[in-house]
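Visitor: One structure is given below, represented as structure tokens, and several questions about it will come after.
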Amino acid sequence: MSTFLATPSDWPLVLTGRAGAIAADPTDLDKAVAAGAFDALRVVVRDLGATGTIATIAASGLCGRGGAGIQTGESWRATASHDTDQRYVVANAYDADPGVHVSAALLGADPWTVIEGLAIAAFATGATEAILALRADDMALVTMLEGAVLAAEEAGFLGDDVLGSGHRVTVTVRPVQGAYMLGEETVLLRALEGRRGQPEQQPPYPTERGLWEKPTVIDNVQTLAAVPWIIREGADRFAAIGGTTAEPRGSGPDLGTVLVQLRGPAGAGIAEVPLGTPLRALVDLAGGVGSRPLKALLVGGPTGGILPADLLDTPYAVEELREAGAQIGSGSVVIADDRACVVDLARLLTRFAADQACGKTIPCRIGLRRLAEIGDRIAEGRPRPTDPALIGDLAHDIVASALCDHERFAVLPLTSGMRYFRSEIDDHLLRSACPAGVCTPIAMAAGAATPGPR
């Protein structure tokens, strides 16, 4: 499990602020309650009510941390508005990126903030059933969470009569297993139903027709973990955190904090950072690259963008990263020095995306495979003159016909590589040389650097 990195004292800790106080035993409910756990649920039940709670979350500007950037208050309001006999709330804790563990780390450090957020979301939307979905291969975490839910029920924070309100909230811990696509919300819902994990056309959205065809709130665990803090500290205080200069203060999808998993030559770990923080500050948190020059940042995981060192002042924010050709995605930032080969990195990531595609649409199923093959040809010294143009055309067609975000973002490694590192790609295309000395069989061509670690 990755460790949490120390951050500057003026950075607020919305998601992990209580973790230090209960670090000795995060499963001890009494210690968590003494540190403020479930105080927000009491305020919701006794003072705000369902309507007031949704209004508070909407006023805070909290947006989903799962990638879409939808306003949480609006999705809760939409779910609550439907006349139905059942509603659901689903917490998506499935860390689909195999190299990222932010959801598991948050749950392991403070499970109560997510459970409390689930209970508040259920109370506010009129849902009686809540599901906490996470990876089945982390059975120690599954067992710990099942114990935490049971303890919360025995204390009256969950169950048939939440804090004497008469409202029932049942939380079920559901371990699920599958491919990378389970990170997409409609795929996860289908998996929870025991169906094949493939994305659904939207609209209708899950807020209207979600789990078992019922109105459903599906939120990332980071979204839910922010809810108790907002109720306790106030919507205005949350809206004052983060943001970018391109947006009016207190607006846009980049308010609050987010967990980022950092990995580089000098160190690794998870940090809670305000949205809008420059990428340069994230590199510094991870210890930089030591004595070697910084070459690139992979921002957003396997379907993220590869950005050059001269974009270090780009804010870690939804719109700014999209404009730069990257995304927040899984919350991963990988720091690479001059020993990395962009061509090799981009083709490996594209191959991963192609392998993980569910196959529902032809442009994704076949187009990503063709992109991966082009990347392989370039890296192996077998390029064709038309390959650069073909990458652009294929990427455009895949994105234009996309059914889900996997298709929209899976092209980013190659397209961002073409955009920012064209000279390195040309070395492979025109001179059959890999400047970083990584690609084979061309790595040892004349002028190639000493191969770096793979």
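Ordering of the structure tokens sets the chain letters (A, B, ...); residue numbers start at 1 within each chain; ligands are numbered from 1 in the order shown.
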For region 215-236 of chain A against region 180-187 of chain A, with a cut-off of 12 Å and counting only C-alpha atoms, what is the closest atom pair and its distance in Å to one decimal for every residue that makes the cut, ordered by chain and number, as a tab-separated table?

Guide:
residue	atom	partner	partner_atom	distance
A:Thr216	CA	A:Thr186	CA	10.6
A:Val217	CA	A:Glu185	CA	10.0
A:Ile218	CA	A:Glu185	CA	6.9
A:Asp219	CA	A:Glu185	CA	8.5
A:Asn220	CA	A:Glu185	CA	9.3

Visitor: Next, write the just-selected residues to a file, as an mmCIF file, in the first residue's frame, keeping N, CA and C atoms as the atom set.

Guide:
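selection.cif written:
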data_model
loop_
_atom_site.group_PDB
_atom_site.id
_atom_site.type_symbol
_atom_site.label_atom_id
_atom_site.label_comp_id
_atom_site.auth_asym_id
_atom_site.auth_seq_id
_atom_site.Cartn_x
_atom_site.Cartn_y
_atom_site.Cartn_z
ATOM 1 N N THR A 216 -30.119 5.910 -9.399
ATOM 2 C CA THR A 216 -28.911 5.538 -8.659
ATOM 3 C C THR A 216 -27.909 6.679 -8.642
ATOM 4 N N VAL A 217 -27.389 6.976 -7.472
ATOM 5 C CA VAL A 217 -26.215 7.840 -7.333
ATOM 6 C C VAL A 217 -25.001 6.936 -7.342
ATOM 7 N N ILE A 218 -24.061 7.188 -8.241
ATOM 8 C CA ILE A 218 -22.799 6.453 -8.224
ATOM 9 C C ILE A 218 -21.674 7.469 -8.139
ATOM 10 N N ASP A 219 -20.979 7.468 -7.010
ATOM 11 C CA ASP A 219 -19.942 8.458 -6.732
ATOM 12 C C ASP A 219 -18.629 7.772 -6.414
ATOM 13 N N ASN A 220 -17.549 8.390 -6.825
ATOM 14 C CA ASN A 220 -16.222 7.969 -6.422
ATOM 15 C C ASN A 220 -16.078 8.129 -4.909
#

Visitor: Determine, counting only C-alpha atoms, which protein, DNA and RNA residues have an atom within 7 Å of an atom of region 272-281 of chain A; residues of the same chain fewer than 3 positions away are not included. Present the result as a list in words.

Guide: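 Once the adjacent positions are removed, what remains is Trp11, Leu13, Ile241, Gly242, Gly243, Thr244, Asp254, Leu255, Gly256, Thr257, Val258, Leu259, Val260, Asp284, Leu285, Leu312, Asp313, Thr314, Pro315, Tyr316 and Ala317 of chain A.
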
Visitor: What would the file look like if the residues just selected were written as a PDB file, in the first residue's frame with C-alpha atoms?

Guide:
ATOM      1  CA  TRP A  11      -2.893  22.913   1.961  1.00  0.00           C
ATOM      2  CA  LEU A  13      -6.847  18.186   4.213  1.00  0.00           C
ATOM      3  CA  ILE A 241     -10.351  25.663  -1.992  1.00  0.00           C
ATOM      4  CA  GLY A 242      -8.729  25.011  -5.328  1.00  0.00           C
ATOM      5  CA  GLY A 243      -9.966  26.479  -8.578  1.00  0.00           C
ATOM      6  CA  THR A 244      -7.944  28.022 -11.385  1.00  0.00           C
ATOM      7  CA  ASP A 254     -11.897  22.151  -9.874  1.00  0.00           C
ATOM      8  CA  LEU A 255     -12.899  22.971  -6.311  1.00  0.00           C
ATOM      9  CA  GLY A 256     -11.659  21.146  -3.246  1.00  0.00           C
ATOM     10  CA  THR A 257      -8.875  18.605  -3.000  1.00  0.00           C
ATOM     11  CA  VAL A 258      -8.066  15.317  -4.690  1.00  0.00           C
ATOM     12  CA  LEU A 259      -5.739  12.392  -4.028  1.00  0.00           C
ATOM     13  CA  VAL A 260      -2.844  12.009  -6.472  1.00  0.00           C
ATOM     14  CA  ASP A 284       8.524  18.484  -6.026  1.00  0.00           C
ATOM     15  CA  LEU A 285       6.377  16.414  -3.640  1.00  0.00           C
ATOM     16  CA  LEU A 312       5.137  22.055 -15.522  1.00  0.00           C
ATOM     17  CA  ASP A 313       3.150  25.195 -14.758  1.00  0.00           C
ATOM     18  CA  THR A 314      -0.069  23.596 -16.062  1.00  0.00           C
ATOM     19  CA  PRO A 315      -2.655  23.393 -13.253  1.00  0.00           C
ATOM     20  CA  TYR A 316      -3.702  19.943 -12.127  1.00  0.00           C
ATOM     21  CA  ALA A 317      -7.303  20.654 -13.079  1.00  0.00           C
TER      22      ALA A 317
END

Visitor: Please determine, counting only C-alpha atoms, which residue among A:Glu380, A:Glu200, A:Glu116, A:Asp405 has the shortest atom-to-atom distance to Val221 (chain A).

Guide: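 Of A:Glu380, A:Glu200, A:Glu116, A:Asp405, the one nearest Val221 (chain A) is A:Glu116, counting only C-alpha atoms.
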
Visitor: Name all residues at most 10 Å from region 142-157 of chain A (count only C-alpha atoms; drop same-chain ones fewer than 3 positions away) and give them as a count of residues only.

Guide: 37

Visitor: When DSSP is applied to the backbone of this structure, which of region 27-215 of chain A are assigned strand (DSSP E or B)? Write them out as an NGL selection string.

Guide: :A and (63 or 71 or 88-93 or 129-135 or 159 or 169-176)

Visitor: Just C-alpha atoms for this one: save the residues we selected as an mmCIF file, in the first residue's frame.

Guide:
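Saved result, part-v8.cif, follows:
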data_model
loop_
_atom_site.group_PDB
_atom_site.id
_atom_site.type_symbol
_atom_site.label_atom_id
_atom_site.label_comp_id
_atom_site.auth_asym_id
_atom_site.auth_seq_id
_atom_site.Cartn_x
_atom_site.Cartn_y
_atom_site.Cartn_z
ATOM 1 C CA CYS A 63 -17.990 17.708 -8.521
ATOM 2 C CA GLN A 71 -21.881 18.434 -9.978
ATOM 3 C CA TYR A 88 -29.541 3.199 -4.664
ATOM 4 C CA VAL A 89 -26.221 4.815 -3.800
ATOM 5 C CA VAL A 90 -23.028 3.182 -5.050
ATOM 6 C CA ALA A 91 -19.524 4.095 -3.900
ATOM 7 C CA ASN A 92 -16.999 3.326 -6.626
ATOM 8 C CA ALA A 93 -13.806 2.257 -4.859
ATOM 9 C CA GLU A 129 -29.629 0.578 -0.102
ATOM 10 C CA ALA A 130 -25.989 1.591 -0.491
ATOM 11 C CA ILE A 131 -23.163 -0.442 -1.997
ATOM 12 C CA LEU A 132 -19.429 -0.012 -1.492
ATOM 13 C CA ALA A 133 -17.752 -1.652 -4.499
ATOM 14 C CA LEU A 134 -14.033 -2.413 -4.462
ATOM 15 C CA ARG A 135 -11.489 -4.833 -5.884
ATOM 16 C CA GLY A 159 -29.369 0.198 9.776
ATOM 17 C CA VAL A 169 -29.774 2.744 5.219
ATOM 18 C CA THR A 170 -28.207 -0.642 4.578
ATOM 19 C CA VAL A 171 -24.584 -0.631 3.358
ATOM 20 C CA THR A 172 -23.239 -3.694 1.585
ATOM 21 C CA VAL A 173 -19.541 -4.216 0.833
ATOM 22 C CA ARG A 174 -19.314 -5.754 -2.636
ATOM 23 C CA PRO A 175 -15.972 -7.069 -3.876
ATOM 24 C CA VAL A 176 -15.926 -7.132 -7.679
#

Visitor: Point out the residue among A:Pro215, A:Arg369, A:Arg65, A:Ile231 with the least atom-to-atom distance to Asp47 (chain A), counting only C-alpha atoms.

Guide: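 Going through A:Pro215, A:Arg369, A:Arg65, A:Ile231 one by one, the smallest distance to Asp47 (chain A) is for A:Ile231.
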